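K.L.:
Here it is, the structure in full.
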There are 2 protein chains.
Amino acid sequence: MKNITLKDVAKAANVSYATVSRALSGSSQIGSETRERIIKLCDEMGYTANYVARSMVKKKTDLIGFVVPSIDNQFMSELAYYAETCARAHGYNIMLCNSGPDLKQEKAVVKLLLGRQVDGILICPQSPKTFENIQAYTEQVPVVFLSENLRDHPQSYVAVDNTKGTYLGTEYLYSLGHRDILYFGQRRSTTHQLRADGYRKACQKYGLQERFFNSTYPQSSIENGYQMAIELFSQPIDYTAILASTDSNAIGILQAADELGIDIPGRLSLIGFDNIWSTSLPRIDLTTVEQPKHLMATQAVEMLWDKIENGTQGYVHQILTPTLIQRGTCRKID
Amino acid sequence: MKNITLKDVAKAANVSYATVSRALSGSSQIGSETRERIIKLCDEMGYTANYVARSMVKKKTDLIGFVVPSIDNQFMSELAYYAETCARAHGYNIMLCNSGPDLKQEKAVVKLLLGRQVDGILICPQSPKTFENIQAYTEQVPVVFLSENLRDHPQSYVAVDNTKGTYLGTEYLYSLGHRDILYFGQRRSTTHQLRADGYRKACQKYGLQERFFNSTYPQSSIENGYQMAIELFSQPIDYTAILASTDSNAIGILQAADELGIDIPGRLSLIGFDNIWSTSLPRIDLTTVEQPKHLMATQAVEMLWDKIENGTQGYVHQILTPTLIQRGTCRKID
DNA sequence: AGCACAAGTGCAAACGTTTGCGCTCCGTTG
DNA sequence: CAACGGAGCGCAAACGTTTGCACTTGTGCT
């Protein structure tokens, strides 16, 4: 039952345990026959190195903390999948923490991760305030932020080019013949401001009138989108397309439209943003702007990896290009 | 930059570092003024205990491994959310590992977790073979399996009562007046066998004719469900309802039916199983049987917790009760 | 006054590794 | 033959805690 340690193997092999350690770590100062003998023996005895002890002396845990508001969110669980896979390929393991809805807990889990001696932290901010919330810790360990553009903050992050995304969406609608496009979004967060910017830019470029409908809810969700859409549709519909700031909002709009008998895409075209998995479902089939989640996650861990392994100082803002995913909620107008 | 340790605090407080350790751990053998002085000092100096060192001497990491085929699966990410939250409430952290599609990797990550000295492992089996795949390790550390009924195996698990679930579904359809109900499922896995059993039982109880349509794909997915449904619908539809073995299958069926102009629920009623989040989406709105994911996850970590903390031997099979979620894909027949 | 006892604190070992340094061979060279 | 160098291995310190044990006080009792 007792775990076998280096010492046990060493005794069996009749060498010092330093030798065993070196043999396993591939040190060049060990004779090749000794090495093979030892490796074989380790195998037979079923020895597996104790990571805790190693971390102790190496002052490195090969652990990276992954902090998300909640892992059951589709967007984040996709990121988590790619991040974990990529991290493991680099020899790192992921410690998962849900930061929940409030800043207190977010701070608490980051502190906890520090106590765990993680080598780095990957974090999806729960709000624009996240940065200052955990700022005190970002000096103690490399941190990379995911999916939030903290433009003016001297911290590393990887995010999609939000402005470009909505620009693409608007442009696409324009190319289909739409001239009256409504932007449906949140007001508060940085991300949403950037997205609104893209819409604005495209409007200017193509000479369209800017039309905003802002949700009063701080967070976007299907439910919130639905509520706001009901309100929106109580007024005359004098536009032919809606550009929603998120897929959740878009799906909420879809629901409201169905309920009120407003045909999408017959009467109204609709575009979302994020390309969460649900958008590809039959019946939903939402045209949207894709955040390259695979790339985001892998770039983020590579970035973190670089900081950890090479002690790279400074920060980098990695902005990735979004792409338009054409599905069934947009229609050509003539 | 250098981390402050117990020693630093001890020096500042002018006591031995054993005293500091005891003061923080709440040992009763420390004078109350000394304790308060030390705690205050720790706060000021920003000391956080090094978990790695602690784990080393305590031979306990307060870490539990969470192994899933892939975390971006909706069902598993929900489980992960609840499990992490519950575990953290008990003072444990979660190490996340994707086991991918093949048994080799599953085995590899479990071994890796052992090297990390986790106190226990929570695992969603990727196939019925998982049990024997990692059997060698289940003696070295407490393991609890999630969502797979390994009936005859002497291992702890928590799962939903699959048989009861499909029974409920069939019964519900019967109560709506359906007399010709088709079961649409996979053949291979234990889970699916149990689900088929529930359907069979209900048919016997209510005197219905058993009608099976088995997918040739080993895994259920929307795509597979769709393919099989297309095949199914190429033959005459002489039934009024379909009981699908999973939500994924059901959504695939939905897609195929839409494409072929078969009205659901007008022409055909449809029930899924699992109640993954997507089923609640507008337009999908799938009637289904719910697996109590919150309960499953918390029960599983409590079970693991008990094994770890109290060294409880033996195994327990925890079977939870499913409930029917009535939504829009079923219709009353007269 | 002497003693026992309890409360509070310090000493040092232990946890399982990694790694700098030093030692022992053995073969090669001058 | 002496000196030298390198290959291969062992010794022991170090990482930052926890904890059993011993030690020092102060207090109350006989």
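Numbering starts fresh at 1 for the residues of each chain in the structure tokens, the chains themselves are lettered A, B, ... in the order given, and ligands are numbered from 1 as they appear.
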Do a neighbour search on DC23 of chain D at 10 Å with only C-alpha atoms (C1' of nucleotides), toss out local chain neighbours closer than 4 positions, and write the hits as a VMD selection string.

P.N.:
chain C and resid 9 to 11

K.L.:
Kindly save the residues from that selection, with C-alpha atoms (C1' of nucleotides) included, as a CSV table (one decimal), in the first residue's frame.

P.N.:
chain,number,residue,atom,x,y,z
C,9,DT,C1',7.2,27.6,23.1
C,10,DG,C1',11.5,25.7,20.6
C,11,DC,C1',14.2,21.8,18.4

K.L.:
Extract the full set of strand (DSSP E) residues from segment 233-302 of chain A according to DSSP on the backbone, and format it as a CSV table (one decimal) with C-alpha atoms, in the first residue's frame.

P.N.:
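Below you can see part-v2.csv, which holds the result:
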chain,number,residue,atom,x,y,z
A,241,ALA,CA,-31.9,43.2,-39.9
A,242,ILE,CA,-30.6,43.0,-36.3
A,243,LEU,CA,-27.0,42.7,-35.4
A,244,ALA,CA,-26.9,41.2,-31.9
A,269,SER,CA,-32.4,39.0,-40.7
A,270,LEU,CA,-30.4,38.2,-37.6
A,271,ILE,CA,-26.7,37.9,-36.8
A,272,GLY,CA,-25.1,36.9,-33.5
A,273,PHE,CA,-21.6,36.9,-32.1
A,274,ASP,CA,-19.3,34.3,-30.6
A,288,THR,CA,-22.9,34.6,-36.5
A,289,VAL,CA,-19.4,35.9,-36.0
A,290,GLU,CA,-16.9,33.3,-34.8

K.L.:
Based on the backbone DSSP call, show me all residues of segment 102-334 of chain B assigned alpha helix (DSSP H), as a ChimeraX atom specification.

P.N.:
/B:103-115,130-134,162-175,190-206,222-233,247-260,293-310

K.L.:
Up to 7 Å from chain C, what residues of chain B turn up? Count only C-alpha atoms (C1' of nucleotides) and give them as a ChimeraX atom specification.

P.N.:
/B:16,19,29-31,56-57

K.L.:
Using only C-alpha atoms (C1' of nucleotides), find each residue in chain D having at least one atom no more than 9 Å away from chain A; report its shortest atom-to-atom pair and that distance in Å (one decimal), rows by chain then rising number, as JSON lines.

P.N.:
{"residue": "D:DA7", "atom": "C1'", "partner": "A:Gln29", "partner_atom": "CA", "distance": 7.2}
{"residue": "D:DG8", "atom": "C1'", "partner": "A:Ile30", "partner_atom": "CA", "distance": 6.0}
{"residue": "D:DC9", "atom": "C1'", "partner": "A:Thr19", "partner_atom": "CA", "distance": 6.9}
{"residue": "D:DG10", "atom": "C1'", "partner": "A:Ser16", "partner_atom": "CA", "distance": 6.2}
{"residue": "D:DA14", "atom": "C1'", "partner": "A:Val57", "partner_atom": "CA", "distance": 7.1}
{"residue": "D:DC15", "atom": "C1'", "partner": "A:Val57", "partner_atom": "CA", "distance": 4.3}
{"residue": "D:DG16", "atom": "C1'", "partner": "A:Met56", "partner_atom": "CA", "distance": 7.8}

K.L.:
Extract, using only C-alpha atoms (C1' of nucleotides), all DNA, RNA and protein residues at most 9 Å from segment 95-112 of chain B, discarding same-chain residues fewer than 2 positions from it, and format them as JSON, numbers by chain.

P.N.:
{"A": [48, 81, 84, 85, 88, 93, 94, 95, 96], "B": [63, 64, 65, 66, 67, 68, 69, 70, 71, 80, 93, 114, 115, 116, 117, 118, 121, 125, 126, 127, 129, 130, 133, 134, 137]}

K.L.:
Using only C-alpha atoms (C1' of nucleotides), determine which residues lie at most 7 Å from segment 253-255 of chain B, disregarding the query and same-chain residues fewer than 3 positions distant; provide the list as a list in words.

P.N.:
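Residues near the query, excluding close chain neighbours: Pro282 of chain A; Gly225, Tyr226, Ala229, Asn249, Ala250, Asp258 and Glu259 of chain B.
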
K.L.:
Please write the residues from the selection above to a file, keeping N, CA and C atoms, as a PDB file, in the first residue's frame.

P.N.:
ATOM      1  N   PRO A 282     -29.749  22.421 -35.239  1.00  0.00           N
ATOM      2  CA  PRO A 282     -30.847  22.546 -36.186  1.00  0.00           C
ATOM      3  C   PRO A 282     -31.920  23.435 -35.555  1.00  0.00           C
TER       4      PRO A 282
ATOM      5  N   GLY B 225     -27.379  10.833 -34.839  1.00  0.00           N
ATOM      6  CA  GLY B 225     -28.833  10.739 -34.721  1.00  0.00           C
ATOM      7  C   GLY B 225     -29.506  11.150 -36.020  1.00  0.00           C
ATOM      8  N   TYR B 226     -28.986  12.191 -36.598  1.00  0.00           N
ATOM      9  CA  TYR B 226     -29.542  12.703 -37.859  1.00  0.00           C
ATOM     10  C   TYR B 226     -29.450  11.644 -38.966  1.00  0.00           C
ATOM     11  N   ALA B 229     -31.788   8.843 -38.407  1.00  0.00           N
ATOM     12  CA  ALA B 229     -33.185   9.256 -38.549  1.00  0.00           C
ATOM     13  C   ALA B 229     -33.560   9.341 -40.020  1.00  0.00           C
ATOM     14  N   ASN B 249     -29.319  12.317 -29.769  1.00  0.00           N
ATOM     15  CA  ASN B 249     -30.079  11.567 -30.753  1.00  0.00           C
ATOM     16  C   ASN B 249     -31.367  12.296 -31.103  1.00  0.00           C
ATOM     17  N   ALA B 250     -32.062  12.752 -30.081  1.00  0.00           N
ATOM     18  CA  ALA B 250     -33.349  13.413 -30.290  1.00  0.00           C
ATOM     19  C   ALA B 250     -33.203  14.651 -31.169  1.00  0.00           C
ATOM     20  N   ASP B 258     -37.387  17.866 -39.624  1.00  0.00           N
ATOM     21  CA  ASP B 258     -37.563  19.194 -40.217  1.00  0.00           C
ATOM     22  C   ASP B 258     -37.273  19.130 -41.707  1.00  0.00           C
ATOM     23  N   GLU B 259     -36.178  18.491 -42.004  1.00  0.00           N
ATOM     24  CA  GLU B 259     -35.728  18.444 -43.385  1.00  0.00           C
ATOM     25  C   GLU B 259     -36.727  17.721 -44.268  1.00  0.00           C
TER      26      GLU B 259
END
